[in-house]
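Next comes target12.cif, with mmCIF, C-alpha atoms.
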data_input
#
loop_
_atom_site.label_atom_id
_atom_site.label_comp_id
_atom_site.auth_asym_id
_atom_site.auth_seq_id
_atom_site.Cartn_x
_atom_site.Cartn_y
_atom_site.Cartn_z
CA MET A 58 52.21 116.17 159.40
CA ILE A 59 49.70 116.96 162.14
CA ALA A 60 48.35 113.41 161.92
CA ALA A 61 51.88 112.02 162.22
CA LEU A 62 52.62 114.27 165.19
CA MET A 63 49.42 113.07 166.80
CA VAL A 64 50.47 109.45 166.28
CA LEU A 65 53.76 110.16 168.08
CA LEU A 66 51.98 111.92 170.95
CA VAL A 67 49.37 109.18 171.29
CA PHE A 68 52.09 106.54 171.57
CA GLN A 69 54.00 108.68 174.06
CA LEU A 70 50.82 109.01 176.09
CA LEU A 71 50.27 105.25 175.97
CA GLY A 72 53.88 104.75 177.05
CA GLU A 73 53.57 107.21 179.95
CA THR A 74 50.37 105.54 181.10
CA LEU A 75 51.92 102.09 180.96
CA ALA A 76 55.03 103.33 182.82
CA GLN A 77 52.83 104.76 185.58
CA VAL A 78 50.64 101.71 185.92
CA SER A 79 53.35 99.05 185.66
CA HIS A 80 55.99 100.79 187.86
CA LEU A 81 58.62 99.74 185.32
CA PRO A 82 61.90 101.65 185.73
CA VAL A 83 61.59 102.65 182.06
CA PRO A 84 60.49 106.12 180.92
CA GLY A 85 57.20 106.53 179.08
CA PRO A 86 58.68 107.71 175.74
CA VAL A 87 60.90 104.60 175.53
CA ILE A 88 57.85 102.37 176.10
CA GLY A 89 56.05 104.49 173.50
CA MET A 90 58.88 103.80 171.06
CA VAL A 91 58.54 100.04 171.61
CA LEU A 92 54.75 100.22 171.20
CA LEU A 93 54.98 102.22 167.96
CA PHE A 94 57.58 99.77 166.65
CA LEU A 95 55.29 96.83 167.44
CA ALA A 96 52.35 98.62 165.79
CA LEU A 97 54.41 99.23 162.63
CA GLN A 98 55.53 95.58 162.56
CA TRP A 99 51.95 94.45 163.00
CA ARG A 100 50.59 96.68 160.24
CA GLY A 101 53.55 96.05 157.96
CA VAL A 102 53.39 99.51 156.37
CA LEU A 103 55.00 102.80 157.28
CA PRO A 104 52.82 105.82 156.39
CA LYS A 105 54.80 108.32 154.30
CA SER A 106 53.82 111.26 156.51
CA LEU A 107 54.98 109.47 159.66
CA GLN A 108 58.31 108.67 158.05
CA ALA A 109 58.76 112.30 156.94
CA THR A 110 57.83 113.73 160.35
CA ALA A 111 60.06 111.28 162.23
CA GLN A 112 62.96 112.09 159.95
CA THR A 113 62.50 115.84 160.40
CA LEU A 114 62.33 115.50 164.17
CA LEU A 115 65.34 113.17 164.36
CA SER A 116 67.51 115.27 162.06
CA HIS A 117 67.29 118.01 164.70
CA LEU A 118 67.59 115.72 167.69
CA SER A 119 70.63 117.57 169.04
CA LEU A 120 68.66 120.84 169.34
CA LEU A 121 66.29 119.19 171.81
CA PHE A 122 69.10 118.69 174.36
CA VAL A 123 70.10 122.34 174.46
CA PRO A 124 67.57 123.55 177.10
CA ALA A 125 68.61 120.85 179.62
CA GLY A 126 72.29 121.44 178.88
CA VAL A 127 72.04 125.15 179.65
CA GLY A 128 71.17 124.03 183.20
CA ILE A 129 74.93 123.88 183.70
CA ILE A 130 74.77 127.52 184.84
CA GLN A 131 73.12 126.37 188.08
CA TYR A 132 76.18 124.37 189.09
CA GLY A 133 78.96 126.96 188.96
CA SER A 134 80.23 126.34 192.50
CA LEU A 135 79.97 122.55 192.38
CA LEU A 136 81.78 122.46 189.04
CA ALA A 137 84.47 124.75 190.43
CA ALA A 138 84.99 122.47 193.44
CA GLU A 139 84.88 119.10 191.68
CA TRP A 140 85.78 119.91 188.10
CA LEU A 141 88.69 117.45 187.97
CA ALA A 142 86.73 114.38 189.13
CA LEU A 143 83.79 115.29 186.88
CA THR A 144 85.80 116.11 183.76
CA VAL A 145 88.07 113.06 183.90
CA ALA A 146 85.20 110.71 184.82
CA ILE A 147 82.98 111.97 181.97
CA ILE A 148 85.66 112.00 179.26
CA VAL A 149 87.42 108.73 180.10
CA SER A 150 84.26 106.80 180.91
CA THR A 151 82.45 107.94 177.74
CA LEU A 152 85.32 107.08 175.41
CA LEU A 153 85.94 103.77 177.19
CA THR A 154 82.25 102.86 176.85
CA ILE A 155 82.18 103.61 173.12
CA ALA A 156 85.46 101.72 172.49
CA ILE A 157 84.51 98.62 174.50
CA THR A 158 81.01 98.40 173.02
CA ALA A 159 82.39 98.66 169.47
CA LEU A 160 85.25 96.18 170.06
CA VAL A 161 83.02 93.55 171.71
CA MET A 162 80.52 93.83 168.86
CA ARG A 163 83.18 93.61 166.18
CA ALA A 164 84.79 90.55 167.78
CA LEU A 165 81.43 88.76 167.92
CA ILE A 166 80.43 89.75 164.39
CA HIS A 167 83.76 88.43 163.06
CA ARG A 168 83.29 85.13 164.83
CA HIS A 169 79.72 84.98 163.59
CA VAL A 170 80.81 85.54 160.00
CA ALA A 171 83.68 83.05 160.39
CA ASP A 172 81.24 80.45 161.71
CA ARG A 173 79.00 80.96 158.72
CA THR A 174 81.77 80.57 156.18
CA ASP A 175 82.88 77.40 157.98
CA ASP A 176 79.49 75.79 157.43
CA MET B 1122 62.42 165.44 174.57
CA SER B 1123 65.08 164.23 176.96
CA GLN B 1124 67.55 161.59 175.90
CA THR B 1125 66.78 159.18 178.71
CA GLU B 1126 63.29 158.41 177.45
CA PRO B 1127 64.13 156.06 174.57
CA MET B 1128 66.72 154.48 176.83
CA THR B 1129 64.27 153.70 179.65
CA GLU B 1130 61.81 152.52 177.05
CA LEU B 1131 64.41 150.12 175.74
CA ILE B 1132 65.12 148.84 179.23
CA GLU B 1133 61.42 148.46 179.94
CA THR B 1134 60.97 146.53 176.72
CA TRP B 1135 63.87 144.27 177.69
CA VAL B 1136 62.48 143.71 181.17
CA TYR B 1137 59.14 142.78 179.64
CA LEU B 1138 60.57 140.49 176.97
CA ALA B 1139 63.19 138.87 179.20
CA THR B 1140 60.47 137.23 181.28
CA SER B 1141 58.34 136.11 178.35
CA PRO B 1142 58.78 132.59 176.94
CA LEU B 1143 58.96 134.00 173.41
CA LEU B 1144 62.34 135.64 173.85
CA TRP B 1145 64.25 132.61 175.16
CA LEU B 1146 62.58 130.22 172.77
CA THR B 1147 63.61 132.42 169.85
CA ILE B 1148 67.15 132.95 171.16
CA THR B 1149 67.61 129.19 171.63
CA LEU B 1150 66.64 128.51 168.02
CA LEU B 1151 68.74 131.41 166.78
CA VAL B 1152 71.84 130.27 168.66
CA TYR B 1153 71.35 126.67 167.53
CA LEU B 1154 71.07 127.73 163.88
CA ALA B 1155 74.18 129.89 164.29
CA GLY B 1156 75.99 126.87 165.77
CA GLN B 1157 74.90 124.70 162.87
CA TRP B 1158 76.01 127.32 160.38
CA LEU B 1159 79.43 127.46 162.06
CA PHE B 1160 79.62 123.65 162.11
CA GLN B 1161 78.94 123.52 158.36
CA ARG B 1162 81.28 126.40 157.59
CA SER B 1163 84.05 124.62 159.49
CA GLY B 1164 83.59 121.65 157.14
CA GLY B 1165 81.91 119.55 159.83
CA ARG B 1166 84.85 119.83 162.23
CA ALA B 1167 84.01 117.86 165.36
CA LEU B 1168 85.13 120.63 167.70
CA PHE B 1169 82.32 122.88 166.44
CA ASN B 1170 79.62 120.54 167.73
CA PRO B 1171 76.34 122.50 167.40
CA VAL B 1172 75.01 121.37 170.81
CA ALA B 1173 78.20 122.33 172.64
CA LEU B 1174 78.36 125.70 170.87
CA ALA B 1175 74.70 126.48 171.55
CA ILE B 1176 74.94 125.55 175.24
CA ALA B 1177 78.13 127.54 175.79
CA LEU B 1178 76.75 130.62 174.05
CA LEU B 1179 73.37 130.51 175.83
CA ALA B 1180 75.05 129.98 179.20
CA LEU B 1181 77.16 133.05 178.52
CA VAL B 1182 74.13 135.14 177.53
CA LEU B 1183 72.23 134.09 180.68
CA LEU B 1184 75.19 134.85 182.94
CA VAL B 1185 75.82 138.26 181.35
CA THR B 1186 72.13 139.29 181.47
CA ARG B 1187 71.76 137.73 184.95
CA THR B 1188 68.78 135.70 183.79
CA PRO B 1189 67.85 132.83 186.11
CA TYR B 1190 67.70 129.37 184.56
CA THR B 1191 64.00 128.99 185.45
CA THR B 1192 63.16 132.11 183.39
CA TYR B 1193 65.14 130.73 180.48
CA PHE B 1194 63.50 127.32 180.78
CA SER B 1195 59.98 128.75 180.76
CA GLY B 1196 60.65 129.54 177.09
CA ALA B 1197 63.00 126.71 176.20
CA GLN B 1198 60.68 124.07 177.65
CA PHE B 1199 58.77 123.99 174.36
CA ILE B 1200 61.89 122.58 172.71
CA HIS B 1201 62.65 120.32 175.68
CA PHE B 1202 59.15 118.87 175.41
CA LEU B 1203 59.87 117.52 171.91
CA LEU B 1204 62.38 115.04 173.41
CA GLY B 1205 59.42 112.77 174.20
CA PRO B 1206 57.88 112.57 170.69
CA ALA B 1207 61.41 112.37 169.21
CA THR B 1208 62.16 109.33 171.38
CA VAL B 1209 58.94 107.69 170.17
CA ALA B 1210 59.93 108.58 166.58
CA LEU B 1211 63.05 106.39 166.95
CA ALA B 1212 60.68 103.48 166.25
CA VAL B 1213 60.65 104.54 162.57
CA PRO B 1214 64.37 104.01 161.74
CA LEU B 1215 64.28 100.89 163.90
CA TYR B 1216 61.40 99.56 161.81
CA LEU B 1217 63.20 100.44 158.56
CA HIS B 1218 66.40 98.62 159.59
CA TRP B 1219 64.88 95.75 161.53
CA GLN B 1220 66.39 93.07 159.24
CA GLN B 1221 69.94 94.16 160.09
CA VAL B 1222 69.11 94.41 163.80
CA ARG B 1223 67.77 90.85 163.89
CA ARG B 1224 70.84 89.51 162.14
CA LEU B 1225 73.15 91.07 164.74
CA PHE B 1226 71.20 89.93 167.79
CA LEU B 1227 74.03 88.29 169.74
CA PRO B 1228 76.68 90.99 169.14
CA LEU B 1229 74.08 93.59 170.15
CA VAL B 1230 73.27 91.85 173.44
CA PHE B 1231 76.94 91.48 174.42
CA GLY B 1232 77.79 95.00 173.26
CA LEU B 1233 74.90 96.35 175.34
CA VAL B 1234 75.82 94.54 178.56
CA THR B 1235 79.57 95.27 178.46
CA GLY B 1236 78.98 98.86 177.33
CA SER B 1237 76.38 99.57 179.98
CA LEU B 1238 78.52 98.13 182.79
CA THR B 1239 81.60 100.01 181.56
CA ALA B 1240 79.71 103.32 181.54
CA ILE B 1241 78.38 102.93 185.08
CA LEU B 1242 81.44 101.45 186.79
CA SER B 1243 84.13 103.53 185.12
CA ALA B 1244 82.33 106.84 185.70
CA MET B 1245 81.70 106.11 189.39
CA GLY B 1246 85.15 104.57 189.92
CA ILE B 1247 87.11 107.41 188.37
CA ALA B 1248 85.16 110.14 190.18
CA TRP B 1249 85.51 108.34 193.50
CA TRP B 1250 89.24 107.78 192.94
CA LEU B 1251 89.73 111.50 192.17
CA GLY B 1252 87.99 112.51 195.38
CA GLY B 1253 84.54 113.33 194.07
CA SER B 1254 81.87 113.79 196.76
CA LEU B 1255 79.21 111.10 197.23
CA PRO B 1256 76.40 113.10 195.50
CA THR B 1257 78.69 113.68 192.53
CA VAL B 1258 79.68 110.00 192.28
CA LEU B 1259 76.03 108.93 192.49
CA SER B 1260 74.95 111.57 189.96
CA LEU B 1261 77.50 110.15 187.51
CA ALA B 1262 76.20 106.56 187.63
CA PRO B 1263 73.45 106.91 184.95
CA LYS B 1264 75.45 109.33 182.77
CA SER B 1265 75.21 107.40 179.50
CA VAL B 1266 71.44 107.08 179.31
CA THR B 1267 68.90 109.50 177.92
CA THR B 1268 68.11 112.55 180.11
CA PRO B 1269 64.67 111.71 181.58
CA VAL B 1270 65.71 108.17 182.54
CA ALA B 1271 69.03 109.31 183.97
CA MET B 1272 67.28 111.91 186.15
CA GLY B 1273 64.86 109.28 187.42
CA ILE B 1274 67.69 106.91 188.34
CA ALA B 1275 69.71 109.65 190.05
CA GLU B 1276 66.73 110.60 192.17
CA LYS B 1277 66.18 106.99 193.20
CA ILE B 1278 69.77 106.42 194.38
CA GLY B 1279 70.32 109.77 196.14
CA GLY B 1280 72.13 111.72 193.44
CA LEU B 1281 71.19 115.21 192.22
CA PRO B 1282 68.79 114.84 189.25
CA SER B 1283 69.47 118.26 187.74
CA LEU B 1284 73.25 117.74 188.05
CA THR B 1285 72.78 114.39 186.34
CA ALA B 1286 70.96 116.17 183.48
CA VAL B 1287 74.02 118.38 182.94
CA ILE B 1288 76.42 115.40 183.21
CA VAL B 1289 74.32 113.47 180.68
CA ILE B 1290 74.49 116.34 178.18
CA LEU B 1291 78.27 116.72 178.65
CA THR B 1292 78.66 112.96 178.15
CA GLY B 1293 76.68 113.21 174.91
CA VAL B 1294 78.75 116.13 173.66
CA ILE B 1295 82.06 114.34 174.42
CA GLY B 1296 80.81 111.18 172.72
CA ALA B 1297 79.59 113.08 169.65
CA VAL B 1298 82.76 115.16 169.38
CA ALA B 1299 85.41 112.47 170.00
CA GLY B 1300 83.50 109.23 169.39
CA PRO B 1301 83.67 109.06 165.58
CA ALA B 1302 87.43 109.77 165.59
CA LEU B 1303 87.95 107.10 168.25
CA LEU B 1304 85.96 104.55 166.21
CA GLU B 1305 88.03 105.51 163.18
CA ALA B 1306 91.25 104.95 165.16
CA LEU B 1307 89.97 101.51 166.23
CA ARG B 1308 89.28 100.78 162.53
CA ILE B 1309 85.58 100.15 163.10
CA ARG B 1310 84.12 100.13 159.58
CA ASP B 1311 80.60 98.81 160.18
CA ASP B 1312 78.00 101.61 160.43
CA ALA B 1313 75.80 99.39 162.59
CA VAL B 1314 78.61 98.98 165.16
CA LYS B 1315 79.50 102.69 165.01
CA GLY B 1316 75.91 103.71 165.62
CA PHE B 1317 75.27 101.24 168.42
CA ALA B 1318 78.48 102.22 170.25
CA LEU B 1319 77.63 105.94 169.94
CA GLY B 1320 74.11 105.28 171.24
CA ILE B 1321 75.34 103.24 174.22
CA GLY B 1322 78.05 105.72 175.18
CA ALA B 1323 76.43 109.03 174.27
CA HIS B 1324 72.61 108.47 174.11
CA GLY B 1325 70.60 110.97 172.02
CA ILE B 1326 73.43 113.37 171.22
CA GLY B 1327 75.53 110.43 170.03
CA THR B 1328 72.48 109.32 168.04
CA ALA B 1329 72.17 112.74 166.40
CA ARG B 1330 75.83 112.36 165.39
CA ALA B 1331 75.22 108.79 164.20
CA PHE B 1332 72.43 109.99 161.88
CA GLN B 1333 75.06 112.19 160.20
CA ILE B 1334 77.10 109.03 159.46
CA SER B 1335 74.13 107.18 157.92
CA GLY B 1336 70.51 106.22 158.48
CA LEU B 1337 71.66 102.72 159.44
CA ALA B 1338 74.04 104.07 162.10
CA GLY B 1339 71.22 106.26 163.43
CA ALA B 1340 68.82 103.34 163.66
CA PHE B 1341 71.29 101.30 165.72
CA ALA B 1342 72.03 104.29 167.93
CA GLY B 1343 68.33 104.78 168.54
CA LEU B 1344 67.97 101.13 169.45
CA ALA B 1345 70.92 101.50 171.84
CA ILE B 1346 69.24 104.41 173.67
CA GLY B 1347 66.19 102.33 174.49
CA LEU B 1348 68.09 99.18 175.48
CA ASN B 1349 70.67 101.04 177.57
CA ALA B 1350 67.97 103.03 179.36
CA LEU B 1351 66.29 99.77 180.32
CA LEU B 1352 69.43 97.95 181.44
CA THR B 1353 70.96 100.89 183.31
CA ALA B 1354 67.72 101.48 185.22
CA LEU B 1355 67.90 97.85 186.36
CA LEU B 1356 71.68 97.72 187.01
CA VAL B 1357 72.44 100.96 188.86
CA PRO B 1358 70.33 100.37 191.98
CA SER B 1359 71.78 96.84 192.35
CA ILE B 1360 75.34 98.08 191.90
CA ILE B 1361 74.83 100.80 194.52
CA ARG B 1362 73.45 98.21 196.95
CA LEU B 1363 76.45 95.96 196.30
CA VAL B 1364 78.93 98.82 196.85
CA ARG B 1365 77.18 99.84 200.10
CA TRP B 1366 77.28 96.22 201.27
CA LEU B 1367 80.99 95.84 200.46
CA SER B 1368 82.05 99.10 202.14
#
What do you get writing this file as C-alpha cells?
Amino acid sequence: MIAALMVLLVFQLLGETLAQVSHLPVPGPVIGMVLLFLALQWRGVLPKSLQATAQTLLSHLSLLFVPAGVGIIQYGSLLAAEWLALTVAIIVSTLLTIAITALVMRALIHRHVADRTDD
Amino acid sequence: MSQTEPMTELIETWVYLATSPLLWLTITLLVYLAGQWLFQRSGGRALFNPVALAIALLALVLLVTRTPYTTYFSGAQFIHFLLGPATVALAVPLYLHWQQVRRLFLPLVFGLVTGSLTAILSAMGIAWWLGGSLPTVLSLAPKSVTTPVAMGIAEKIGGLPSLTAVIVILTGVIGAVAGPALLEALRIRDDAVKGFALGIGAHGIGTARAFQISGLAGAFAGLAIGLNALLTALLVPSIIRLVRWLS
C-alpha cells in the first residue's frame, strides 16, 4: 500500500513539475493522471496493490471535497445578497450540462451503431 | 474544591484542542461517517448525499463554536491534500476500461465540447440575467471543473477563487443528488454515458456518485474530469475576452 501511495505521489510530483515548466493551463494532478495512464499502457500490467489503493481512495472521493466545501461559511454576506442568481445559475446550469452531454452522446452512439449494422 | 474548577478545565481543554489540527481532522471524518451511515440507512436516498450532509453539519458546528475557517482548515487540509493523489489514481479505472473509451471516441469528443460550453455559458448567462455582480458571474464560469483547476481559472479571469471553490462543491452536490434521477428521466441506459455526463457536469463529486452506479460509469466520469478541466481552462479566458469585446 505504501509503495502504491508512493507511485501516486511520484506521478503527482511529475505532473506538478511539468505543469510549472510548461505553463499549461492544466493542474499538476491531471497531468499526473495522464502520465500514470501512459505508464500503465506502456507496461501493460496493473500491479494489484496499485489497483487496491486506487480503489480505496476513489471509493471515498466525496470525503475529499468536504474541507473545501466548508469554506462556504466565509461567504455568508455574499450568499445572502446574491443567493438567487447563484442558486438558479448553479442548479439550472448543472442539470442542463448533464442532460445535454448525455443526449448528445446517446444520439451519436445510436448513429454509430446504426452505421455499423448498415455495413 | 469549588465547582468552577472542572468547568474551567473543560474550557481550557477545549481552547487547546480547538486550535489543534487533530480535533478538526477527527470531527471531519466523524461527521462524514455519520453522513454515510445516514445515507445508507435512508436506503441510498439522493437527498441524504454524504458530502452535502457533512458540509452542512460542519458549517453549523463552526458557526456555533465561532471557529474561523482557517483554524478548521489547518486540520482538514490533510484530507484536502488527498485530492491530488486521488486525481492521479483516476488513471487506474481509465486503464481498466480503455477498450470501451476508445470505441466511443467520437461521442465522447462531442459530448465533452457541448457539455463544457453549456456549463460555462449557461452558468454565466443565468447569473448575469438575474443581476449577479461581475465577480459572482466570473466566479461561476469554471463551476463544472475540479476544484484546483476551477480556482486557477477564476483567479486568471478576475473572479474570487475561494468563492469558486464553494460554487464548484455546490455544483458537484447538485449534480450528484439530482443527476442520476435526471438521467433516468431521459431514459439514458448506458453506464458509460451516465458516468461521462456526471463527470462533465459535476466533476469529482459526480464521479464519486458515478462509482456507486458501476466501475464503468466511474471510469468515464474520471475521464470526463480530466478532459473538461483541460477544455474549460482553454475556453473560459477566450469566452471572457469575446464577451468584453462585444459589450
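Comparing the minimum interatomic distances between chain A and each of B:Ala1244, B:Leu1344, B:Leu1255, B:Val1182, counting only C-alpha atoms, we find that B:Ala1244 sits nearest.
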request  = For B:Gly1300, list every protein, DNA or RNA residue within 10 Å, evaluated using all atoms listed in the file, and leave out those in the same chain fewer than 4 positions away; present the list as a PyMOL selection string.
outcome  = (chain A and resi 151-156) or (chain B and resi 1167+1293-1296+1304-1306+1315+1318-1319+1322-1323+1327+1330-1331)
task = Fewer than 3 positions away in the same chain doesn't count, so skip those; otherwise give me all residues within 7 Å of B:Thr1268, counting all atoms listed in the file, as a ChimeraX atom specification.
result = /B:1271-1272,1286,1289
request  = Please identify all polymer residues lying at most 12 Å from the point (57.1, 102.3, 171.0) (file coordinates), using only C-alpha atoms, and present the result as an NGL selection string.
outcome  = (:A and (64-73 or 75 or 83-98)) or (:B and (1205-1216 or 1343-1344 or 1347))
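Under the PyMOL selection byres ((chain A and resi 109) around 12), the matching residues in the shown file are Met58, Ile59, Ala60, Ala61, Leu62, Leu103, Pro104, Lys105, Ser106, Leu107, Gln108, Thr110, Ala111, Gln112, Thr113, Leu114, Leu115 and Ser116 of chain A; Ala1210, Val1213 and Pro1214 of chain B.
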Pull C-alpha atoms from the residues just selected and write them as a PDB file, in the coordinates of the input.
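Dumped to out.pdb:
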ATOM      1  CA  MET A  58      52.210 116.170 159.400  1.00  0.00           C
ATOM      2  CA  ILE A  59      49.700 116.960 162.140  1.00  0.00           C
ATOM      3  CA  ALA A  60      48.350 113.410 161.920  1.00  0.00           C
ATOM      4  CA  ALA A  61      51.880 112.020 162.220  1.00  0.00           C
ATOM      5  CA  LEU A  62      52.620 114.270 165.190  1.00  0.00           C
ATOM      6  CA  LEU A 103      55.000 102.800 157.280  1.00  0.00           C
ATOM      7  CA  PRO A 104      52.820 105.820 156.390  1.00  0.00           C
ATOM      8  CA  LYS A 105      54.800 108.320 154.300  1.00  0.00           C
ATOM      9  CA  SER A 106      53.820 111.260 156.510  1.00  0.00           C
ATOM     10  CA  LEU A 107      54.980 109.470 159.660  1.00  0.00           C
ATOM     11  CA  GLN A 108      58.310 108.670 158.050  1.00  0.00           C
ATOM     12  CA  THR A 110      57.830 113.730 160.350  1.00  0.00           C
ATOM     13  CA  ALA A 111      60.060 111.280 162.230  1.00  0.00           C
ATOM     14  CA  GLN A 112      62.960 112.090 159.950  1.00  0.00           C
ATOM     15  CA  THR A 113      62.500 115.840 160.400  1.00  0.00           C
ATOM     16  CA  LEU A 114      62.330 115.500 164.170  1.00  0.00           C
ATOM     17  CA  LEU A 115      65.340 113.170 164.360  1.00  0.00           C
ATOM     18  CA  SER A 116      67.510 115.270 162.060  1.00  0.00           C
TER      19      SER A 116
ATOM     20  CA  ALA B1210      59.930 108.580 166.580  1.00  0.00           C
ATOM     21  CA  VAL B1213      60.650 104.540 162.570  1.00  0.00           C
ATOM     22  CA  PRO B1214      64.370 104.010 161.740  1.00  0.00           C
TER      23      PRO B1214
END
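Near A:Ile129, within a cut-off of 8 Å and counting all atoms listed in the file, sit the residues Gly126, Val127, Gln131, Tyr132 and Gly133 of chain A; Ala1180, Leu1284 and Val1287 of chain B, with same-chain residues fewer than 2 positions away left out.
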Give me the residues near B:Ser1359 as a short mmCIF file (atom, residue, chain, number, x, y, z; two decimals) with C-alpha atoms, in the frame of the given file, where near means some atom within 12 Å (using only C-alpha atoms) and where sequence neighbours in that chain fewer than 2 positions away do not count.
data_model
loop_
_atom_site.label_atom_id
_atom_site.label_comp_id
_atom_site.auth_asym_id
_atom_site.auth_seq_id
_atom_site.Cartn_x
_atom_site.Cartn_y
_atom_site.Cartn_z
CA LEU B 1238 78.52 98.13 182.79
CA ILE B 1241 78.38 102.93 185.08
CA ALA B 1262 76.20 106.56 187.63
CA ILE B 1274 67.69 106.91 188.34
CA LYS B 1277 66.18 106.99 193.20
CA ILE B 1278 69.77 106.42 194.38
CA LEU B 1352 69.43 97.95 181.44
CA THR B 1353 70.96 100.89 183.31
CA ALA B 1354 67.72 101.48 185.22
CA LEU B 1355 67.90 97.85 186.36
CA LEU B 1356 71.68 97.72 187.01
CA VAL B 1357 72.44 100.96 188.86
CA ILE B 1361 74.83 100.80 194.52
CA ARG B 1362 73.45 98.21 196.95
CA LEU B 1363 76.45 95.96 196.30
CA VAL B 1364 78.93 98.82 196.85
CA ARG B 1365 77.18 99.84 200.10
CA TRP B 1366 77.28 96.22 201.27
#
request  = Considering all atoms listed in the file, state which residue in the set B:Leu1227, B:Val1266, B:Met1128, B:Leu1144 is at the smallest distance from chain A.
outcome  =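 Of B:Leu1227, B:Val1266, B:Met1128, B:Leu1144, the one nearest chain A, counting all atoms listed in the file, is B:Leu1227.
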request  = Could you give me, as a list in words, the residues within 10 Å of B:Gln1161, counting all atoms listed in the file and dropping anything in the same chain fewer than 6 positions from it?
outcome  = Ala1155, Phe1169, Asn1170 and Pro1171 of chain B
Separation of atom CA of B:Ala1297 from atom CA of B:Leu1259, in Å and rounded to one decimal =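 Interatomic distance here is 23.5 Å.
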